file work-v8.cif (mmCIF, C-alpha atoms and all ligand atoms)
data_model
#
loop_
_atom_site.label_atom_id
_atom_site.label_comp_id
_atom_site.auth_asym_id
_atom_site.auth_seq_id
_atom_site.Cartn_x
_atom_site.Cartn_y
_atom_site.Cartn_z
CA MET A 754 96.76 121.09 70.29
CA SER A 755 99.94 121.01 68.22
CA GLU A 756 101.37 117.76 66.88
CA SER A 757 104.28 117.79 69.29
CA THR A 758 101.96 117.76 72.29
CA ARG A 759 99.50 115.18 73.53
CA ALA A 760 96.83 115.20 76.16
CA ARG A 761 97.86 113.75 79.50
CA LEU A 762 95.43 113.14 82.28
CA THR A 763 96.44 113.95 85.82
CA GLY A 764 95.25 112.94 89.25
CA TYR A 765 93.92 109.84 91.01
CA PRO A 766 90.61 109.54 92.79
CA ASN A 767 90.53 108.62 96.50
CA GLY A 768 88.66 105.52 97.58
CA TRP A 769 88.54 101.73 97.58
CA PHE A 770 90.02 99.91 94.58
CA VAL A 771 90.07 96.24 93.66
CA ILE A 772 93.66 95.06 93.27
CA GLY A 773 93.10 91.34 92.98
CA TRP A 774 90.94 88.28 93.46
CA SER A 775 91.28 86.36 96.71
CA ASP A 776 91.96 83.14 94.80
CA GLU A 777 95.06 84.65 93.16
CA LEU A 778 96.88 84.93 96.46
CA ALA A 779 97.60 81.71 98.31
CA VAL A 780 99.13 81.57 101.80
CA GLY A 781 102.85 82.23 101.50
CA GLN A 782 102.52 83.86 98.08
CA ILE A 783 103.78 87.30 96.99
CA LEU A 784 102.36 89.25 94.05
CA THR A 785 104.04 92.31 92.61
CA LEU A 786 101.60 95.01 91.55
CA HIS A 787 101.89 98.42 89.98
CA TYR A 788 99.07 100.81 90.88
CA PHE A 789 98.86 104.57 91.38
CA GLY A 790 102.25 104.83 89.71
CA ARG A 791 103.92 102.81 92.52
CA GLU A 792 105.49 99.41 92.88
CA LEU A 793 103.65 97.38 95.50
CA VAL A 794 103.88 93.91 97.00
CA LEU A 795 100.86 91.94 98.07
CA PHE A 796 101.47 88.91 100.28
CA ARG A 797 99.48 86.46 102.37
CA GLY A 798 100.93 85.33 105.68
CA GLU A 799 100.35 81.99 107.38
CA ASP A 800 97.51 83.56 109.38
CA GLY A 801 95.65 83.90 106.06
CA ARG A 802 95.78 87.69 106.14
CA ALA A 803 96.66 89.61 103.00
CA ASN A 804 98.98 92.61 103.32
CA LEU A 805 99.98 95.35 100.90
CA LEU A 806 103.28 97.22 101.17
CA ASP A 807 105.39 99.56 99.08
CA ALA A 808 107.80 97.29 97.24
CA TYR A 809 111.18 98.89 97.94
CA CYS A 810 113.06 97.91 101.08
CA ALA A 811 113.89 100.72 103.52
CA HIS A 812 117.49 99.46 103.77
CA LEU A 813 119.15 99.67 100.36
CA GLY A 814 116.05 99.61 98.23
CA ALA A 815 115.79 96.02 96.98
CA HIS A 816 112.41 95.05 95.54
CA LEU A 817 110.65 92.82 98.07
CA GLY A 818 108.75 91.08 95.28
CA ALA A 819 111.89 90.21 93.29
CA GLY A 820 113.08 87.15 95.16
CA GLY A 821 111.64 87.99 98.58
CA LYS A 822 109.71 85.37 100.54
CA VAL A 823 106.97 85.08 103.10
CA VAL A 824 108.15 83.81 106.48
CA GLY A 825 105.28 83.25 108.91
CA CYS A 826 103.27 86.45 108.65
CA GLN A 827 106.18 88.57 107.44
CA ILE A 828 107.90 89.30 104.17
CA GLU A 829 111.66 88.91 103.93
CA CYS A 830 113.83 91.06 101.67
CA PRO A 831 115.93 89.07 99.18
CA PHE A 832 119.03 91.27 99.71
CA HIS A 833 119.98 91.21 103.45
CA ALA A 834 116.93 89.41 104.86
CA TRP A 835 115.31 92.28 106.74
CA ARG A 836 111.80 91.16 107.63
CA TYR A 837 108.69 93.34 107.53
CA ALA A 838 105.35 92.78 109.22
CA GLY A 839 102.04 93.49 107.51
CA ASP A 840 101.97 96.98 109.04
CA GLY A 841 105.22 97.81 107.22
CA ARG A 842 107.49 97.80 110.29
CA CYS A 843 110.79 95.97 110.10
CA VAL A 844 110.67 93.41 112.90
CA GLU A 845 113.86 91.48 112.33
CA ILE A 846 117.35 92.06 110.99
CA PRO A 847 119.38 88.85 111.27
CA TYR A 848 122.74 90.61 111.79
CA ALA A 849 121.73 93.66 113.90
CA LYS A 850 121.15 94.06 117.65
CA LYS A 851 118.89 97.07 117.23
CA ILE A 852 116.29 97.77 114.59
CA PRO A 853 116.46 101.39 113.37
CA LYS A 854 113.29 103.41 113.99
CA LYS A 855 113.11 104.37 110.36
CA ALA A 856 113.20 100.77 109.18
CA LEU A 857 109.70 100.68 107.73
CA VAL A 858 107.93 100.72 104.42
CA ARG A 859 104.53 102.19 103.68
CA ALA A 860 101.66 99.82 104.39
CA TRP A 861 98.36 100.28 102.57
CA GLU A 862 94.99 99.57 104.13
CA LEU A 863 93.60 96.39 102.67
CA ARG A 864 90.24 94.66 103.02
CA GLU A 865 89.13 91.34 101.72
CA HIS A 866 85.59 90.15 101.20
CA SER A 867 83.34 88.78 98.45
CA GLY A 868 86.40 87.06 96.95
CA LEU A 869 88.03 90.44 96.29
CA LEU A 870 91.05 92.32 97.62
CA PHE A 871 90.46 96.04 98.11
CA MET A 872 93.10 98.72 98.61
CA TRP A 873 92.35 102.11 100.11
CA TYR A 874 94.03 104.98 98.30
CA ASP A 875 93.95 108.55 99.54
CA ALA A 876 96.34 111.12 98.13
CA GLN A 877 96.61 112.79 101.55
CA GLY A 878 96.75 109.59 103.59
CA ARG A 879 93.30 109.98 105.17
CA ALA A 880 91.46 106.94 106.57
CA PRO A 881 88.51 105.33 104.73
CA ASP A 882 85.24 107.25 105.04
CA TYR A 883 82.93 104.75 103.36
CA ASP A 884 82.69 100.99 102.84
CA VAL A 885 82.14 98.71 99.89
CA PRO A 886 79.55 96.18 101.08
CA ALA A 887 80.10 92.43 100.90
CA LEU A 888 78.15 90.44 98.32
CA THR A 889 76.45 87.66 100.24
CA GLU A 890 76.00 85.61 97.05
CA TRP A 891 79.72 84.92 97.00
CA ALA A 892 79.56 82.49 99.90
CA ASP A 893 76.15 81.13 98.88
CA GLU A 894 76.12 77.60 97.47
CA ASN A 895 73.15 78.49 95.26
CA TRP A 896 75.43 80.77 93.27
CA THR A 897 78.53 80.18 91.16
CA ARG A 898 81.81 81.75 92.26
CA TRP A 899 83.22 84.62 90.20
CA THR A 900 84.04 84.12 86.55
CA MET A 901 86.67 86.78 86.23
CA SER A 902 88.57 88.78 83.63
CA LYS A 903 91.07 91.61 83.61
CA LEU A 904 91.98 94.07 80.89
CA ARG A 905 94.56 96.84 80.85
CA ILE A 906 93.22 99.89 79.06
CA ARG A 907 94.83 103.14 78.00
CA THR A 908 92.36 105.63 79.41
CA HIS A 909 91.48 107.63 82.51
CA PRO A 910 88.96 106.02 84.89
CA ARG A 911 86.61 108.99 84.57
CA GLU A 912 85.76 107.81 81.05
CA ILE A 913 84.62 104.45 82.42
CA VAL A 914 82.58 106.04 85.20
CA GLU A 915 80.61 108.15 82.73
CA ASN A 916 78.98 104.98 81.37
CA VAL A 917 76.69 105.14 84.40
CA VAL A 918 74.77 108.07 82.99
CA ASP A 919 75.49 107.77 79.29
CA LYS A 920 72.06 106.61 78.28
CA ALA A 921 72.52 107.47 74.60
CA HIS A 922 75.45 105.10 73.98
CA PHE A 923 73.60 101.86 74.82
CA PRO A 924 71.73 101.41 71.53
CA ARG A 925 74.70 102.65 69.47
CA VAL A 926 77.59 100.90 71.17
CA HIS A 927 75.96 97.91 72.88
CA ASN A 928 72.99 97.09 70.66
CA THR A 929 70.71 97.44 73.67
CA HIS A 930 67.25 98.90 73.58
CA VAL A 931 66.62 101.05 76.66
CA GLU A 932 63.03 101.23 77.89
CA SER A 933 63.62 103.11 81.13
CA PHE A 934 66.70 104.70 82.62
CA GLU A 935 67.24 106.58 85.85
CA ASN A 936 70.14 107.69 88.00
CA GLU A 937 70.48 108.38 91.68
CA PHE A 938 73.42 110.01 93.47
CA ASP A 939 73.75 109.49 97.19
CA GLY A 940 77.03 110.39 98.94
CA PRO A 941 79.73 108.03 97.62
CA ARG A 942 77.11 105.98 95.71
CA ALA A 943 75.94 106.48 92.17
CA THR A 944 73.23 104.20 90.84
CA GLN A 945 71.83 103.48 87.44
CA ARG A 946 68.54 101.63 87.01
CA THR A 947 67.78 100.42 83.53
CA ARG A 948 65.17 98.25 81.91
CA GLY A 949 65.46 97.18 78.34
CA VAL A 950 66.15 94.49 75.82
CA ALA A 951 69.62 93.25 75.00
CA TYR A 952 70.52 91.43 71.82
CA PRO A 953 73.51 89.26 72.78
CA VAL A 954 76.20 88.63 70.19
CA GLY A 955 75.40 84.91 70.07
CA GLY A 956 71.80 85.69 69.11
CA GLY A 957 68.54 85.80 71.04
CA ARG A 958 66.84 88.50 73.01
CA ASP A 959 67.10 89.21 76.71
CA GLN A 960 64.55 91.33 78.53
CA PHE A 961 66.49 92.66 81.50
CA ALA A 962 66.37 94.96 84.49
CA ILE A 963 69.61 96.09 86.04
CA GLU A 964 70.55 98.11 89.07
CA ALA A 965 74.19 99.11 88.97
CA THR A 966 75.75 100.97 91.89
CA TYR A 967 79.17 102.51 92.25
CA PHE A 968 80.46 102.37 95.79
CA GLY A 969 83.01 105.16 95.50
CA PRO A 970 84.88 106.04 92.32
CA ALA A 971 86.02 102.62 91.14
CA VAL A 972 83.96 99.65 92.32
CA GLN A 973 80.58 98.93 90.81
CA TYR A 974 78.25 96.02 91.56
CA SER A 975 75.28 95.23 89.34
CA TRP A 976 72.17 93.31 90.25
CA MET A 977 70.96 91.94 86.96
CA HIS A 978 67.56 90.33 86.52
CA GLY A 979 66.87 88.71 83.19
CA VAL A 980 66.92 85.25 81.66
CA LEU A 981 69.58 84.64 84.29
CA GLU A 982 69.95 86.15 87.72
CA ALA A 983 73.43 87.69 87.86
CA ARG A 984 75.72 89.77 90.02
CA LEU A 985 78.39 91.67 88.16
CA LEU A 986 81.55 93.40 89.24
CA ASN A 987 83.13 96.25 87.32
CA ALA A 988 86.22 97.61 89.05
CA HIS A 989 88.89 99.85 87.61
CA THR A 990 92.15 100.72 89.28
CA PRO A 991 94.66 103.28 88.00
CA VAL A 992 97.97 101.73 87.00
CA ASP A 993 99.39 105.19 86.35
CA GLU A 994 97.93 108.42 85.05
CA ASN A 995 97.24 107.01 81.60
CA ASN A 996 96.28 103.35 82.16
CA VAL A 997 93.77 101.43 84.21
CA ASP A 998 93.23 97.77 85.03
CA LEU A 999 89.61 96.92 84.45
CA ARG A 1000 88.40 93.84 86.30
CA PHE A 1001 85.04 92.34 85.79
CA GLY A 1002 83.35 89.36 87.25
CA VAL A 1003 80.11 87.43 86.94
CA MET A 1004 78.28 85.31 89.48
CA LEU A 1005 75.15 83.49 88.39
CA LYS A 1006 72.39 81.92 90.42
CA LEU A 1007 72.48 78.19 89.82
CA ILE A 1008 69.90 76.85 87.43
CA GLY A 1009 70.06 73.12 86.98
CA SER A 1010 73.52 71.73 87.55
CA ALA A 1011 76.47 73.79 88.76
CA GLU A 1012 78.38 72.61 85.69
CA LYS A 1013 75.73 73.94 83.30
CA THR A 1014 75.45 77.27 85.11
CA ARG A 1015 79.20 77.61 85.08
CA MET A 1016 79.17 77.24 81.30
CA PHE A 1017 76.51 79.93 81.13
CA ALA A 1018 78.63 82.15 83.38
CA GLU A 1019 81.56 81.77 81.03
CA ARG A 1020 79.46 82.68 78.01
CA TYR A 1021 77.97 85.55 79.95
CA ALA A 1022 81.46 86.80 80.85
CA GLU A 1023 82.49 86.54 77.20
CA ASN A 1024 79.52 88.67 76.20
CA LEU A 1025 80.43 91.12 78.91
CA THR A 1026 84.00 91.23 77.61
CA LEU A 1027 82.68 91.98 74.15
CA GLY A 1028 80.58 94.76 75.65
CA PHE A 1029 83.63 96.25 77.32
CA HIS A 1030 85.62 96.00 74.09
CA GLN A 1031 82.90 98.03 72.39
CA ASP A 1032 83.43 100.74 75.03
CA ILE A 1033 87.21 100.39 75.01
CA ALA A 1034 87.42 101.10 71.29
CA ILE A 1035 85.79 104.43 72.07
CA TRP A 1036 87.66 105.18 75.34
CA GLU A 1037 91.14 104.51 74.00
CA ASN A 1038 90.71 106.90 71.11
CA LYS A 1039 88.54 109.64 72.50
CA LYS A 1040 89.34 113.06 73.85
CA TYR A 1041 87.88 114.19 77.15
CA ARG A 1042 85.69 117.24 76.70
CA GLU A 1043 85.73 119.43 79.81
CA VAL A 1044 82.79 121.32 78.39
CA PRO A 1045 80.78 118.94 76.24
CA VAL A 1046 77.92 120.01 74.03
CA LEU A 1047 74.93 118.10 75.39
CA CYS A 1048 71.37 117.63 74.19
CA ASP A 1049 68.06 116.94 75.93
CA GLY A 1050 68.23 113.17 75.33
CA ASP A 1051 71.56 112.77 77.16
CA GLY A 1052 71.75 111.40 80.68
CA PRO A 1053 72.89 113.55 83.64
CA ILE A 1054 76.55 113.72 82.61
CA ILE A 1055 77.30 116.97 84.45
CA LYS A 1056 75.72 115.65 87.66
CA LEU A 1057 77.86 112.52 87.37
CA ARG A 1058 80.98 114.62 86.96
CA GLN A 1059 80.11 116.63 90.05
CA TRP A 1060 79.59 113.38 91.97
CA TYR A 1061 82.94 112.00 90.72
CA ALA A 1062 84.80 115.20 91.64
CA GLN A 1063 84.19 114.49 95.38
CA PHE A 1064 86.83 111.75 95.19
CA PHE A 1065 89.59 114.14 94.21
CA THR A 1066 91.49 115.90 96.94
CA GLY A 1067 92.20 119.03 95.02
CA GLU A 1068 91.30 119.88 91.51
CA PRO A 1069 89.38 117.27 89.50
CA PRO A 1070 91.58 115.68 86.83
CA ARG A 1071 92.31 117.90 83.90
CA GLU A 1072 94.17 117.75 80.67
CA VAL A 1073 97.57 119.36 80.59
CA GLU A 1074 99.71 119.92 77.57
CA VAL A 1075 102.83 117.80 77.65
CA ASP A 1076 105.61 118.41 75.21
CA ASP A 1077 106.83 115.02 73.97
CA ARG A 1078 110.22 116.46 73.08
CA ALA A 1079 110.91 117.56 76.68
S1 LIG B 1101 117.95 96.02 100.78
FE1 LIG B 1101 116.47 94.90 101.83
S2 LIG B 1101 117.56 94.00 103.42
FE2 LIG B 1101 119.03 95.21 102.43
FE FE B 1102 79.23 101.06 77.78
#

call {"tool": "encode", "arguments": {"input": "work-v8.cif", "output": "C-alpha cells"}}
result
Amino acid sequence: MSESTRARLTGYPNGWFVIGWSDELAVGQILTLHYFGRELVLFRGEDGRANLLDAYCAHLGAHLGAGGKVVGCQIECPFHAWRYAGDGRCVEIPYAKKIPKKALVRAWELREHSGLLFMWYDAQGRAPDYDVPALTEWADENWTRWTMSKLRIRTHPREIVENVVDKAHFPRVHNTHVESFENEFDGPRATQRTRGVAYPVGGGRDQFAIEATYFGPAVQYSWMHGVLEARLLNAHTPVDENNVDLRFGVMLKLIGSAEKTRMFAERYAENLTLGFHQDIAIWENKKYREVPVLCDGDGPIIKLRQWYAQFFTGEPPREVEVDDRA
C-alpha cells in the first residue's frame, strides 16, 4: 500500500445492535445518535415506548433532535412544528388542512428489554430473523443492575468479533491462563466456553468458567462463574465504516449487602475496561489480514469468519484502497 493510500473498511453487518441503555432515555426525552453513518433520533413518548427515527424532517430537512420536542407520543420538528409518530408518519401539521402522503421519515425497528435498547439494521430493509433473548437477572432483586461503560473505537466490528475464537491472545494480551477452550457455531449464535485462571490488575487470582454467546453479529452476553457470579454485556454498534461504539455492562449476583456488591461491580467493570483497552491498543493499530497465516494452536478463526459473513447482505467487508488526495 503506498503512503498516499490507507485501508478503509466497507460494509455493515445486518442484525440487532445496542444503541443505548433504557435508563438514559426518560419519558419525554430525545437523544441524537449517529449509527450506520446516519443521523438518528431516539425518543420516549408518554406511553413509555421508545422510538427511533431518521433525524431529518421530511419537510425542509431540519434536525428533529436539534430543538425538537416530544409531545404526547410524537416528536415535533423545531422548524415548522410538523409532528411525527413513532412509526415515522407525520400526523399533524399545525397550518395545513391535508397531510401530504410523503410526509414521513424512516422509522427503525426498536426493542427494549434487559435494560437495553436494540435497533434492527438490515441493509436491504428485511425484517428481523432472530431474537436477542432477555436476561432475567436484570429484573431480579438478587442481582445488581448494570454497571455500564461506553467507548468509541477506531476499528471495524469484525476485529472485535474475532476475540471469540482467538484463544492465543488471552495469555499474551489479558494475562489469563486458559485451561480449556471450545467454540460452537449455531445459526446466528457463536459461543465460546473457557475455563482458566485470571490474574486481575489489582492482584489476586480468579479461577473462572465463562460461557460467552454472540446473538447475531454485535451483541454478546457472558455467563461468568468465578469468585463472583456475573453477567456481562459486550455490544458494538457501527458509528460509520471506521468507528464503533463499544458498550459493556456488568451485573453481579448480590453477596452480602447491595452496596458492597455494587462496589465490586464497579471494580469488576474497571477491570473489564482495562481488558478492553488491552484489546483496543491492538485493534486500533492492526491491519486486517484477509488471508492470515495460522498455526495449529490458533482457535477456529476461519470458521468464525464464515459465521460472521452470514450477516452481510452481499460481499463480506473488505479493504479497499482509498486515495487520501481525492
Ligand atoms: S423542516 Fe420540519 S417542519 Fe419544516
Ligand atoms: Fe481480548

call {"tool": "residues_near_ligand", "arguments": {"input": "work-v8.cif", "ligand": "ligand LIG 1101 (chain B)", "cutoff": "9 Å", "atoms": "only C-alpha atoms and all ligand atoms", "output": "PDB file with C-alpha atoms, in the coordinates of the input"}}
result
ATOM      1  CA  TYR A 809     111.180  98.890  97.940  1.00  0.00           C
ATOM      2  CA  CYS A 810     113.060  97.910 101.080  1.00  0.00           C
ATOM      3  CA  ALA A 811     113.890 100.720 103.520  1.00  0.00           C
ATOM      4  CA  HIS A 812     117.490  99.460 103.770  1.00  0.00           C
ATOM      5  CA  LEU A 813     119.150  99.670 100.360  1.00  0.00           C
ATOM      6  CA  GLY A 814     116.050  99.610  98.230  1.00  0.00           C
ATOM      7  CA  ALA A 815     115.790  96.020  96.980  1.00  0.00           C
ATOM      8  CA  HIS A 816     112.410  95.050  95.540  1.00  0.00           C
ATOM      9  CA  LEU A 817     110.650  92.820  98.070  1.00  0.00           C
ATOM     10  CA  GLU A 829     111.660  88.910 103.930  1.00  0.00           C
ATOM     11  CA  CYS A 830     113.830  91.060 101.670  1.00  0.00           C
ATOM     12  CA  PRO A 831     115.930  89.070  99.180  1.00  0.00           C
ATOM     13  CA  PHE A 832     119.030  91.270  99.710  1.00  0.00           C
ATOM     14  CA  HIS A 833     119.980  91.210 103.450  1.00  0.00           C
ATOM     15  CA  ALA A 834     116.930  89.410 104.860  1.00  0.00           C
ATOM     16  CA  TRP A 835     115.310  92.280 106.740  1.00  0.00           C
ATOM     17  CA  ARG A 836     111.800  91.160 107.630  1.00  0.00           C
ATOM     18  CA  ILE A 846     117.350  92.060 110.990  1.00  0.00           C
TER      19      ILE A 846
END

call {"tool": "residues_near_ligand", "arguments": {"input": "work-v8.cif", "ligand": "ligand FE 1102 (chain B)", "cutoff": "10 Å", "atoms": "all atoms listed in the file", "output": "list in words"}}
result
Glu912, Ile913, Val914, Glu915, Asn916, Val917, Val918, Asp919, Lys920, Ala921, His922, Phe923, Pro924, Arg925, Val926, His927, Gly1028, Phe1029, His1030, Gln1031, Asp1032, Ile1033, Ile1035 and Trp1036 of chain A

call {"tool": "axis_aligned_box", "arguments": {"input": "work-v8.cif", "around": "range 783-786 of chain A", "padding_each_side": "3 Å", "output": "JSON"}}
result
{"center_x": 102.8, "center_y": 91.2, "center_z": 94.3, "size_x": 8.4, "size_y": 13.7, "size_z": 11.4}

call {"tool": "closest_atom_pairs", "arguments": {"input": "work-v8.cif", "of": "range 806-911 of chain A", "to": "range 954-977 of chain A", "cutoff": "9 Å", "atoms": "all atoms listed in the file", "output": "tab-separated table"}}
result
residue	atom	partner	partner_atom	distance
A:Tyr883	CA	A:Gly969	CA	7.9
A:Asp884	CA	A:Phe968	CA	7.5
A:Val885	CA	A:Phe968	CA	5.7
A:Pro886	CA	A:Phe968	CA	8.2
A:Leu888	CA	A:Tyr974	CA	8.8
A:Pro910	CA	A:Ala971	CA	7.7
A:Arg911	CA	A:Pro970	CA	8.5

call {"tool": "residues_near_point", "arguments": {"input": "work-v8.cif", "point": "(80.7, 87.1, 78.3)", "cutoff": "10 Å", "atoms": "only C-alpha atoms", "output": "short mmCIF file (atom, residue, chain, number, x, y, z; two decimals) with C-alpha atoms, in the frame of the given file"}}
result
data_model
loop_
_atom_site.label_atom_id
_atom_site.label_comp_id
_atom_site.auth_asym_id
_atom_site.auth_seq_id
_atom_site.Cartn_x
_atom_site.Cartn_y
_atom_site.Cartn_z
CA THR A 900 84.04 84.12 86.55
CA MET A 901 86.67 86.78 86.23
CA SER A 902 88.57 88.78 83.63
CA PRO A 953 73.51 89.26 72.78
CA VAL A 954 76.20 88.63 70.19
CA GLY A 1002 83.35 89.36 87.25
CA VAL A 1003 80.11 87.43 86.94
CA PHE A 1017 76.51 79.93 81.13
CA ALA A 1018 78.63 82.15 83.38
CA GLU A 1019 81.56 81.77 81.03
CA ARG A 1020 79.46 82.68 78.01
CA TYR A 1021 77.97 85.55 79.95
CA ALA A 1022 81.46 86.80 80.85
CA GLU A 1023 82.49 86.54 77.20
CA ASN A 1024 79.52 88.67 76.20
CA LEU A 1025 80.43 91.12 78.91
CA THR A 1026 84.00 91.23 77.61
CA LEU A 1027 82.68 91.98 74.15
CA GLY A 1028 80.58 94.76 75.65
CA PHE A 1029 83.63 96.25 77.32
#

call {"tool": "atom_distance", "arguments": {"input": "work-v8.cif", "atom1": "CA of Pro1053 in chain A", "atom2": "CA of Ala1034 in chain A"}}
result
22.8 Å

call {"tool": "closest_residue", "arguments": {"input": "work-v8.cif", "among": "A:Pro991, A:Gly878, A:Gly949, A:Gly841", "to": "Arg905 in chain A", "atoms": "only C-alpha atoms"}}
result
A:Pro991

call {"tool": "closest_residue", "arguments": {"input": "work-v8.cif", "among": "A:Glu845, A:Asp998, A:Glu799, A:Glu1012", "to": "Leu778 in chain A", "atoms": "only C-alpha atoms"}}
result
A:Glu799

call {"tool": "atom_distance", "arguments": {"input": "work-v8.cif", "atom1": "CA of Ala819 in chain A", "atom2": "CA of Val794 in chain A"}}
result
9.6 Å

call {"tool": "residues_around", "arguments": {"input": "work-v8.cif", "residues": "Arg1000 in chain A", "least_positions_apart": "3", "cutoff": "6 Å", "atoms": "all atoms listed in the file", "output": "list in words"}}
result
Ser902, Lys903, Asn987 and Ala988 of chain A

call {"tool": "residues_around", "arguments": {"input": "work-v8.cif", "residues": "Gly868 in chain A", "least_positions_apart": "5", "cutoff": "9 Å", "atoms": "only C-alpha atoms", "output": "mmCIF file with C-alpha atoms, in the frame of the given file"}}
result
data_model
loop_
_atom_site.group_PDB
_atom_site.id
_atom_site.type_symbol
_atom_site.label_atom_id
_atom_site.label_comp_id
_atom_site.auth_asym_id
_atom_site.auth_seq_id
_atom_site.Cartn_x
_atom_site.Cartn_y
_atom_site.Cartn_z
ATOM 1 C CA GLY A 773 93.100 91.340 92.980
ATOM 2 C CA TRP A 774 90.940 88.280 93.460
ATOM 3 C CA SER A 775 91.280 86.360 96.710
ATOM 4 C CA ASP A 776 91.960 83.140 94.800
ATOM 5 C CA TRP A 891 79.720 84.920 97.000
ATOM 6 C CA ALA A 892 79.560 82.490 99.900
ATOM 7 C CA ARG A 898 81.810 81.750 92.260
ATOM 8 C CA TRP A 899 83.220 84.620 90.200
#

call {"tool": "atom_distance", "arguments": {"input": "work-v8.cif", "atom1": "CA of Phe1064 in chain A", "atom2": "CA of Pro941 in chain A"}}
result
8.4 Å

call {"tool": "residues_around", "arguments": {"input": "work-v8.cif", "residues": "Gly790 in chain A", "least_positions_apart": "4", "cutoff": "9 Å", "atoms": "all atoms listed in the file", "output": "PyMOL selection string"}}
result
chain A and resi 991-994

call {"tool": "closest_residue", "arguments": {"input": "work-v8.cif", "among": "A:Ala943, A:Ala856, A:Val1046, A:Val950", "to": "Arg1058 in chain A", "atoms": "all atoms listed in the file"}}
result
A:Ala943

call {"tool": "decode", "arguments": {"input": "work-v8.cif", "residues": "range 1010-1025 of chain A", "atoms": "N, CA and C atoms", "output": "CSV table (one decimal), in the first residue's frame"}}
result
chain,number,residue,atom,x,y,z
A,1010,SER,N,-24.3,-7.1,51.3
A,1010,SER,CA,-25.2,-6.0,51.0
A,1010,SER,C,-25.1,-5.6,49.6
A,1011,ALA,N,-26.2,-4.9,49.1
A,1011,ALA,CA,-26.3,-4.4,47.8
A,1011,ALA,C,-25.2,-3.4,47.5
A,1012,GLU,N,-24.9,-2.6,48.6
A,1012,GLU,CA,-23.9,-1.6,48.5
A,1012,GLU,C,-22.5,-2.2,48.2
A,1013,LYS,N,-22.2,-3.2,49.0
A,1013,LYS,CA,-20.9,-3.9,48.8
A,1013,LYS,C,-20.8,-4.5,47.4
A,1014,THR,N,-21.8,-5.2,47.0
A,1014,THR,CA,-21.8,-5.8,45.7
A,1014,THR,C,-21.6,-4.8,44.6
A,1015,ARG,N,-22.3,-3.7,44.8
A,1015,ARG,CA,-22.2,-2.6,43.8
A,1015,ARG,C,-20.8,-2.1,43.6
A,1016,MET,N,-20.1,-2.0,44.8
A,1016,MET,CA,-18.7,-1.6,44.7
A,1016,MET,C,-17.8,-2.6,44.0
A,1017,PHE,N,-18.1,-3.9,44.2
A,1017,PHE,CA,-17.5,-5.0,43.5
A,1017,PHE,C,-17.7,-4.8,42.0
A,1018,ALA,N,-19.0,-4.5,41.7
A,1018,ALA,CA,-19.4,-4.4,40.3
A,1018,ALA,C,-18.6,-3.3,39.6
A,1019,GLU,N,-18.4,-2.2,40.3
A,1019,GLU,CA,-17.7,-1.1,39.7
A,1019,GLU,C,-16.2,-1.5,39.5
A,1020,ARG,N,-15.6,-2.2,40.5
A,1020,ARG,CA,-14.2,-2.6,40.3
A,1020,ARG,C,-14.1,-3.6,39.2
A,1021,TYR,N,-15.1,-4.5,39.1
A,1021,TYR,CA,-15.2,-5.5,38.1
A,1021,TYR,C,-15.2,-4.8,36.7
A,1022,ALA,N,-16.1,-3.8,36.6
A,1022,ALA,CA,-16.2,-3.1,35.3
A,1022,ALA,C,-14.9,-2.4,35.0
A,1023,GLU,N,-14.2,-1.9,36.0
A,1023,GLU,CA,-13.0,-1.2,35.7
A,1023,GLU,C,-12.0,-2.2,35.1
A,1024,ASN,N,-11.9,-3.4,35.7
A,1024,ASN,CA,-11.0,-4.4,35.2
A,1024,ASN,C,-11.4,-4.8,33.8
A,1025,LEU,N,-12.7,-4.9,33.6
A,1025,LEU,CA,-13.2,-5.2,32.2
A,1025,LEU,C,-12.8,-4.1,31.2
